[in-house]
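Visitor: Please find one structure pasted underneath; my questions will follow.
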Amino acid sequence: MPPPLQAGDTIAVIAPCSAAAEDKVKDGIEYLKEKGFIVKTADNLSGQSGFLAGSDDYRISSFNKFWADKEVKALFCVRGGYGVQRILTEIDYNLITDIPKILVGYSDISALSSAILAKSGVITFSGPMVASDMGENFDVYSEEMLWRMLMGQPIIDNPAGQPLVVYKKGYAEGYIFGGTLTVLLPYFGTSYVPDLDGAILLLEDIGENIGKLDRHFHQLRYQGVFDQISGLVLGEFKDCFEDNVDPIEALQSILDSALKGYDIPVVMNFAYGHIKKRVTLPIGARAILDTDPLNFRLV
């Protein structure tokens with residue numbers, strides 16, 4: 001676990017995937033400064049190069065440079081998008097092992113978090129990003145969850161009025177692994193995903209129709225993922241279902257087939273994903289998932 005942040009620490013804002021709108025970048029950086037942090041920025045936060053935030057070589061060197069910078073205590077991603085998959089082979093994982101730091105991001109950053117955990121053993125944080133989430137419209141609940149997690153008072157409770165939904169009862173204890181399903185899917189069975197034995201898998205996604213989601217969950221089945229994990233937590237699957245479809249019922253219909261024959265606890269409706277009101281998750285930290293009484297907590 002990287003050391004927690006303190007007011008006055010230096011945060012580097014990086015763009016390892018896609019670039020962000022300049023006004024949103026400015027708002028997010030100003031927010032971090034108002035919180036009392038010193039902010040260093042990569043040169044490519046708003047610099048689009050095709051569909052990427054600069055060349056592969058630049059994004060690799062920028063990431064490695066800020067991780068090696070002794071003044072920087074945390075690296076916050078400006079946004080997701082696409083592109084981190086192209087640089088995973090060139091990340092300096094030995095540096096990450098030697099100097100654990102906070103990394104925050106989600107969506108496409110799921111692949112980077114997975115690779116870092118697999119190759120360096122360092123916990124990263126699936127949480128709000130600078131241009132995508134921070135600034136004047138930063139959700140109060142998400143803001144609280146982020147800073148509690150990064151500053152030494154971690155909690156992963158759902159917001160009031162949003163109860164977890166049990167699909168299958170049981171108890172699991174293991175490390176948290178997961179992120180955006182479609183981003184992670186190509187890496188299962190490779191060296192860029194850690195040993196899943198006993199892990200609690202947490203998944204979310206955006207913009208995938210029910211047919212594609214069904215295929216993705218069955219691919220996890222055929223890849224043997226469900227043979228290894230001890231529990232499954234499903235977050236928000238945003239913009240994946242028609243307006244007249246109940247998301248919980250739709251996911252249950254997929255799980256009825258994809259999880260047939262498996263006896264692991266499964267809960268749904270966790271406040272995690274491409275949504276405003278979201279939990280910040282420590283990817284690699286140990287947790288307990290219990291359905292009697294119903295709770296999902298860090299240990």
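To be explicit about the labels: the chains of the structure tokens are called A, B, and onward in the order shown, and within each one the residues are counted from 1, while ligands get numbers from 1 in the order they are shown.
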Could you give me, as a compact mmCIF listing (two decimals) with N, CA and C atoms, in the first residue's frame, each residue of range 53-195 of chain A that DSSP assigns to strand (DSSP E) when run on this structure's backbone?
Guide:
# COMPACT_ATOMS: atom_id res chain seq x y z
N VAL A 72 7.01 13.92 -6.17
CA VAL A 72 5.64 13.48 -6.47
C VAL A 72 5.24 12.33 -5.56
N LYS A 73 4.11 12.50 -4.87
CA LYS A 73 3.58 11.47 -3.98
C LYS A 73 2.43 10.69 -4.61
N ALA A 74 1.81 11.26 -5.65
CA ALA A 74 0.67 10.59 -6.29
C ALA A 74 0.59 11.02 -7.75
N LEU A 75 0.11 10.11 -8.59
CA LEU A 75 -0.15 10.39 -9.99
C LEU A 75 -1.65 10.25 -10.22
N PHE A 76 -2.30 11.34 -10.65
CA PHE A 76 -3.72 11.34 -10.96
C PHE A 76 -3.89 11.39 -12.48
N CYS A 77 -4.67 10.50 -13.02
CA CYS A 77 -4.93 10.50 -14.46
C CYS A 77 -5.94 11.58 -14.80
N ILE A 102 0.82 6.53 -5.05
CA ILE A 102 -0.60 6.48 -5.35
C ILE A 102 -0.81 6.73 -6.84
N LEU A 103 -1.61 5.87 -7.47
CA LEU A 103 -2.08 6.10 -8.84
C LEU A 103 -3.60 6.07 -8.80
N VAL A 104 -4.25 7.09 -9.38
CA VAL A 104 -5.71 7.17 -9.37
C VAL A 104 -6.24 7.27 -10.79
N THR A 124 -3.14 0.19 -6.40
CA THR A 124 -3.54 1.44 -7.04
C THR A 124 -5.00 1.71 -6.71
N PHE A 125 -5.50 2.87 -7.15
CA PHE A 125 -6.84 3.28 -6.72
C PHE A 125 -7.72 3.58 -7.92
N SER A 126 -8.80 2.83 -8.02
CA SER A 126 -9.79 3.06 -9.07
C SER A 126 -10.74 4.14 -8.56
N VAL A 165 -27.55 -5.58 -3.63
CA VAL A 165 -28.54 -6.61 -3.98
C VAL A 165 -27.82 -7.95 -4.06
N VAL A 166 -28.32 -8.93 -3.32
CA VAL A 166 -27.68 -10.25 -3.29
C VAL A 166 -28.21 -11.11 -4.44
N TYR A 167 -27.29 -11.61 -5.25
CA TYR A 167 -27.66 -12.59 -6.28
C TYR A 167 -27.42 -14.00 -5.76
N LYS A 168 -26.29 -14.21 -5.08
CA LYS A 168 -26.00 -15.52 -4.49
C LYS A 168 -25.36 -15.31 -3.12
N TYR A 171 -19.84 -16.20 1.69
CA TYR A 171 -18.80 -15.43 2.36
C TYR A 171 -17.51 -15.57 1.56
N ALA A 172 -16.79 -14.46 1.39
CA ALA A 172 -15.51 -14.48 0.69
C ALA A 172 -14.56 -13.50 1.35
N GLU A 173 -13.30 -13.88 1.40
CA GLU A 173 -12.25 -12.97 1.86
C GLU A 173 -11.07 -13.09 0.91
N GLY A 174 -10.65 -11.99 0.35
CA GLY A 174 -9.54 -12.00 -0.59
C GLY A 174 -9.22 -10.59 -1.03
N TYR A 175 -8.29 -10.46 -1.96
CA TYR A 175 -7.93 -9.11 -2.40
C TYR A 175 -8.87 -8.64 -3.50
N ILE A 176 -9.11 -7.34 -3.56
CA ILE A 176 -9.99 -6.74 -4.57
C ILE A 176 -9.25 -6.64 -5.90
N PHE A 177 -9.90 -7.13 -6.94
CA PHE A 177 -9.36 -6.95 -8.29
C PHE A 177 -10.52 -6.62 -9.22
N GLY A 178 -10.28 -5.74 -10.19
CA GLY A 178 -11.33 -5.47 -11.15
C GLY A 178 -11.22 -4.12 -11.80
N GLY A 179 -12.34 -3.71 -12.40
CA GLY A 179 -12.40 -2.48 -13.14
C GLY A 179 -13.42 -2.60 -14.26
N THR A 180 -13.12 -1.97 -15.39
CA THR A 180 -14.03 -2.00 -16.53
C THR A 180 -13.88 -3.32 -17.27
Visitor: Go through range 127-220 of chain A and flag each residue having an atom no more than 9 Å from range 252-262 of chain A; for those, report the closest pair of atoms plus their distance in Å to one decimal, using only C-alpha atoms, ordered by chain and rising number, as JSON lines.
Guide:
{"residue": "A:Tyr167", "atom": "CA", "partner": "A:Gln252", "partner_atom": "CA", "distance": 7.2}
{"residue": "A:Ile210", "atom": "CA", "partner": "A:Ile254", "partner_atom": "CA", "distance": 8.4}
{"residue": "A:Leu213", "atom": "CA", "partner": "A:Ile254", "partner_atom": "CA", "distance": 7.9}
{"residue": "A:Asp214", "atom": "CA", "partner": "A:Ile254", "partner_atom": "CA", "distance": 5.6}
{"residue": "A:Phe217", "atom": "CA", "partner": "A:Ala258", "partner_atom": "CA", "distance": 6.0}
{"residue": "A:His218", "atom": "CA", "partner": "A:Ala258", "partner_atom": "CA", "distance": 5.1}
{"residue": "A:Gln219", "atom": "CA", "partner": "A:Ala258", "partner_atom": "CA", "distance": 8.6}
{"residue": "A:Leu220", "atom": "CA", "partner": "A:Ala258", "partner_atom": "CA", "distance": 8.2}
Visitor: Quick one: write out the picked residues with N, CA and C atoms as a short mmCIF file (atom, residue, chain, number, x, y, z; two decimals), in the first residue's frame?
Guide:
data_model
loop_
_atom_site.label_atom_id
_atom_site.label_comp_id
_atom_site.auth_asym_id
_atom_site.auth_seq_id
_atom_site.Cartn_x
_atom_site.Cartn_y
_atom_site.Cartn_z
N TYR A 167 -27.29 -11.61 -5.25
CA TYR A 167 -27.66 -12.59 -6.28
C TYR A 167 -27.42 -14.00 -5.76
N ILE A 210 -26.77 -5.75 -24.05
CA ILE A 210 -26.93 -6.97 -23.26
C ILE A 210 -26.32 -8.19 -23.95
N LEU A 213 -22.57 -7.97 -23.28
CA LEU A 213 -22.30 -8.30 -21.89
C LEU A 213 -22.42 -9.79 -21.65
N ASP A 214 -23.42 -10.41 -22.23
CA ASP A 214 -23.60 -11.85 -22.08
C ASP A 214 -22.38 -12.59 -22.61
N PHE A 217 -19.35 -12.09 -20.13
CA PHE A 217 -19.42 -12.90 -18.91
C PHE A 217 -19.18 -14.38 -19.21
N HIS A 218 -19.65 -14.83 -20.34
CA HIS A 218 -19.39 -16.23 -20.70
C HIS A 218 -17.93 -16.44 -21.08
N GLN A 219 -17.28 -15.41 -21.62
CA GLN A 219 -15.85 -15.51 -21.88
C GLN A 219 -15.07 -15.66 -20.58
N LEU A 220 -15.48 -14.93 -19.54
CA LEU A 220 -14.86 -15.10 -18.23
C LEU A 220 -15.03 -16.54 -17.74
#
Visitor: Which residues come within 7 Å of Ile87 in chain A, counting only C-alpha atoms, excluding same-chain residues fewer than 4 positions away, as a list in words?
Guide: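 Residues near the query, excluding close chain neighbours: Asp56, Ile60 and Ile91 of chain A.
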Visitor: Can you pull out the residues contacting range 16-26 of chain A? Cut-off 10 Å, using only C-alpha atoms, and skip same-chain residues under 5 positions away; I want them as a ChimeraX atom specification.
Guide: /A:31,42,44-56,58-63,77-87,108-109,112,129-136
Visitor: Run DSSP on the backbone of this structure and report the residues of range 66-198 of chain A it assigns to alpha helix (DSSP H), as an MDAnalysis selection string.
Guide: chainID A and resid 66:68 93:98 109:120 130:133 140:150 181:184
Visitor: Give the answer as one residue: which of A:Lys212, A:Lys276, A:Ile288, A:Glu34 has the shortest atom-to-atom distance to Val140 in chain A, using only C-alpha atoms?
Guide: A:Lys276
Visitor: Can you pull out the residues contacting Leu5 in chain A? Cut-off 12 Å, using only C-alpha atoms, and skip same-chain residues under 3 positions away; I want them as a CSV table (one decimal) with N, CA and C atoms, in the first residue's frame.
Guide:
chain,number,residue,atom,x,y,z
A,1,MET,N,0.8,-1.2,0.0
A,1,MET,CA,0.0,0.0,0.0
A,1,MET,C,0.9,1.2,0.0
A,2,PRO,N,0.7,2.2,-0.9
A,2,PRO,CA,1.5,3.4,-1.0
A,2,PRO,C,1.2,4.2,0.3
A,8,GLY,N,-0.4,19.5,1.2
A,8,GLY,CA,0.9,20.0,0.9
A,8,GLY,C,1.7,19.1,0.0
A,9,ASP,N,1.3,17.9,-0.1
A,9,ASP,CA,2.0,16.9,-1.0
A,9,ASP,C,1.9,17.3,-2.5
A,10,THR,N,2.8,16.8,-3.3
A,10,THR,CA,2.8,17.1,-4.7
A,10,THR,C,2.1,16.0,-5.5
A,11,ILE,N,1.1,16.4,-6.3
A,11,ILE,CA,0.4,15.4,-7.2
A,11,ILE,C,0.8,15.7,-8.6
A,35,LYS,N,-7.4,22.3,-2.7
A,35,LYS,CA,-7.4,21.3,-1.6
A,35,LYS,C,-6.1,21.3,-0.9
A,36,GLY,N,-5.2,22.1,-1.3
A,36,GLY,CA,-3.9,22.3,-0.6
A,36,GLY,C,-2.7,21.5,-1.2
A,37,PHE,N,-2.9,21.0,-2.4
A,37,PHE,CA,-1.8,20.2,-3.0
A,37,PHE,C,-1.0,21.0,-4.0
A,38,ILE,N,0.3,20.7,-4.1
A,38,ILE,CA,1.1,21.2,-5.2
A,38,ILE,C,0.9,20.3,-6.4
A,72,VAL,N,7.0,13.9,-6.2
A,72,VAL,CA,5.6,13.5,-6.5
A,72,VAL,C,5.2,12.3,-5.6
A,73,LYS,N,4.1,12.5,-4.9
A,73,LYS,CA,3.6,11.5,-4.0
A,73,LYS,C,2.4,10.7,-4.6
A,74,ALA,N,1.8,11.3,-5.7
A,74,ALA,CA,0.7,10.6,-6.3
A,74,ALA,C,0.6,11.0,-7.7
A,75,LEU,N,0.1,10.1,-8.6
A,75,LEU,CA,-0.2,10.4,-10.0
A,75,LEU,C,-1.7,10.2,-10.2
A,101,LYS,N,3.8,4.5,-5.1
A,101,LYS,CA,3.1,5.8,-5.0
A,101,LYS,C,1.6,5.5,-5.3
A,102,ILE,N,0.8,6.5,-5.0
A,102,ILE,CA,-0.6,6.5,-5.4
A,102,ILE,C,-0.8,6.7,-6.8
A,103,LEU,N,-1.6,5.9,-7.5
A,103,LEU,CA,-2.1,6.1,-8.8
A,103,LEU,C,-3.6,6.1,-8.8
A,146,LEU,N,-13.1,9.5,-2.1
A,146,LEU,CA,-11.7,9.6,-2.6
A,146,LEU,C,-10.7,10.0,-1.6
A,147,TRP,N,-11.0,11.1,-0.9
A,147,TRP,CA,-10.0,11.6,0.1
A,147,TRP,C,-9.9,10.8,1.3
A,148,ARG,N,-11.0,10.2,1.8
A,148,ARG,CA,-10.9,9.2,2.9
A,148,ARG,C,-9.9,8.1,2.5
A,149,MET,N,-10.1,7.6,1.3
A,149,MET,CA,-9.3,6.5,0.8
A,149,MET,C,-7.8,6.8,0.7
A,150,LEU,N,-7.5,8.0,0.2
A,150,LEU,CA,-6.1,8.4,-0.1
A,150,LEU,C,-5.4,9.0,1.1
A,151,MET,N,-6.2,9.4,2.1
A,151,MET,CA,-5.6,10.1,3.2
A,151,MET,C,-5.7,9.3,4.5
A,152,GLY,N,-5.9,8.0,4.4
A,152,GLY,CA,-5.7,7.1,5.5
A,152,GLY,C,-6.9,6.8,6.3
A,153,GLN,N,-8.1,7.1,5.8
A,153,GLN,CA,-9.4,6.7,6.5
A,153,GLN,C,-10.3,6.0,5.5
Visitor: Record the distance separating CA of Ser191 in chain A and CA of Gly127 in chain A, expressed in Å with one decimal.
Guide: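 Result for CA of Ser191 in chain A versus CA of Gly127 in chain A: 23.7 Å, one decimal.
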Visitor: What is the CA of Ser142 in chain A-CA of Pro163 in chain A distance in Å, reported with one decimal?
Guide: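 So the two atoms, CA of Ser142 in chain A and CA of Pro163 in chain A, lie 16.5 Å apart.
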Visitor: For range 192-200 of chain A, list every protein, DNA or RNA residue within 9 Å, evaluated using only C-alpha atoms, and leave out those in the same chain fewer than 6 positions away; present the list as a VMD selection string.
Guide: chain A and resid 88 111 to 112 114 to 119 121 172 to 178 184 225 227 to 233 284 286 to 289
Visitor: When you look at range 241-247 of chain A with a cut-off of 10 Å (counting only C-alpha atoms), what residues show up, excluding the ones that are within fewer than 6 positions of it in the same chain? I need them as a list in words.
Guide: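 Final neighbour list, sorted by chain and number: Ile206, Gly207, Glu208, Asn209, Ile210, Gly211, Ser253 and Asn269 of chain A.
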Visitor: Convert the current residue selection to file output with N, CA and C atoms, as an mmCIF file, in the first residue's frame.
Guide:
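Saved file again-v6.cif follows:
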data_model
loop_
_atom_site.group_PDB
_atom_site.id
_atom_site.type_symbol
_atom_site.label_atom_id
_atom_site.label_comp_id
_atom_site.auth_asym_id
_atom_site.auth_seq_id
_atom_site.Cartn_x
_atom_site.Cartn_y
_atom_site.Cartn_z
ATOM 1 N N ILE A 206 -19.608 0.288 -19.505
ATOM 2 C CA ILE A 206 -20.403 1.372 -20.072
ATOM 3 C C ILE A 206 -20.596 1.127 -21.562
ATOM 4 N N GLY A 207 -21.828 1.341 -22.037
ATOM 5 C CA GLY A 207 -22.122 1.323 -23.460
ATOM 6 C C GLY A 207 -22.058 -0.027 -24.134
ATOM 7 N N GLU A 208 -22.146 -1.113 -23.374
ATOM 8 C CA GLU A 208 -22.158 -2.459 -23.959
ATOM 9 C C GLU A 208 -23.584 -3.002 -23.894
ATOM 10 N N ASN A 209 -24.150 -3.401 -25.034
ATOM 11 C CA ASN A 209 -25.523 -3.910 -24.994
ATOM 12 C C ASN A 209 -25.563 -5.284 -24.339
ATOM 13 N N ILE A 210 -26.774 -5.751 -24.052
ATOM 14 C CA ILE A 210 -26.930 -6.969 -23.256
ATOM 15 C C ILE A 210 -26.323 -8.186 -23.951
ATOM 16 N N GLY A 211 -26.361 -8.214 -25.265
ATOM 17 C CA GLY A 211 -25.757 -9.326 -25.986
ATOM 18 C C GLY A 211 -24.246 -9.369 -25.798
ATOM 19 N N SER A 253 -30.189 -12.372 -15.440
ATOM 20 C CA SER A 253 -30.426 -13.331 -16.520
ATOM 21 C C SER A 253 -29.116 -13.788 -17.158
ATOM 22 N N ASN A 269 -25.362 -3.883 -7.638
ATOM 23 C CA ASN A 269 -25.770 -2.525 -7.285
ATOM 24 C C ASN A 269 -24.735 -1.802 -6.423
#
Visitor: Closest to Ile123 in chain A among A:Asn94, A:Glu236, A:Asp139, A:Pro3, using only C-alpha atoms?
Guide: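 Result for the nearest residue to Ile123 in chain A: A:Pro3.
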Visitor: Return the single residue from A:Glu30, A:Asp290, A:Asp205, A:Asp92 that is closest to Val183 in chain A, with distances computed using only C-alpha atoms.
Guide: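 Looking only at the distances to Val183 in chain A, the closest residue turns out to be A:Asp205.
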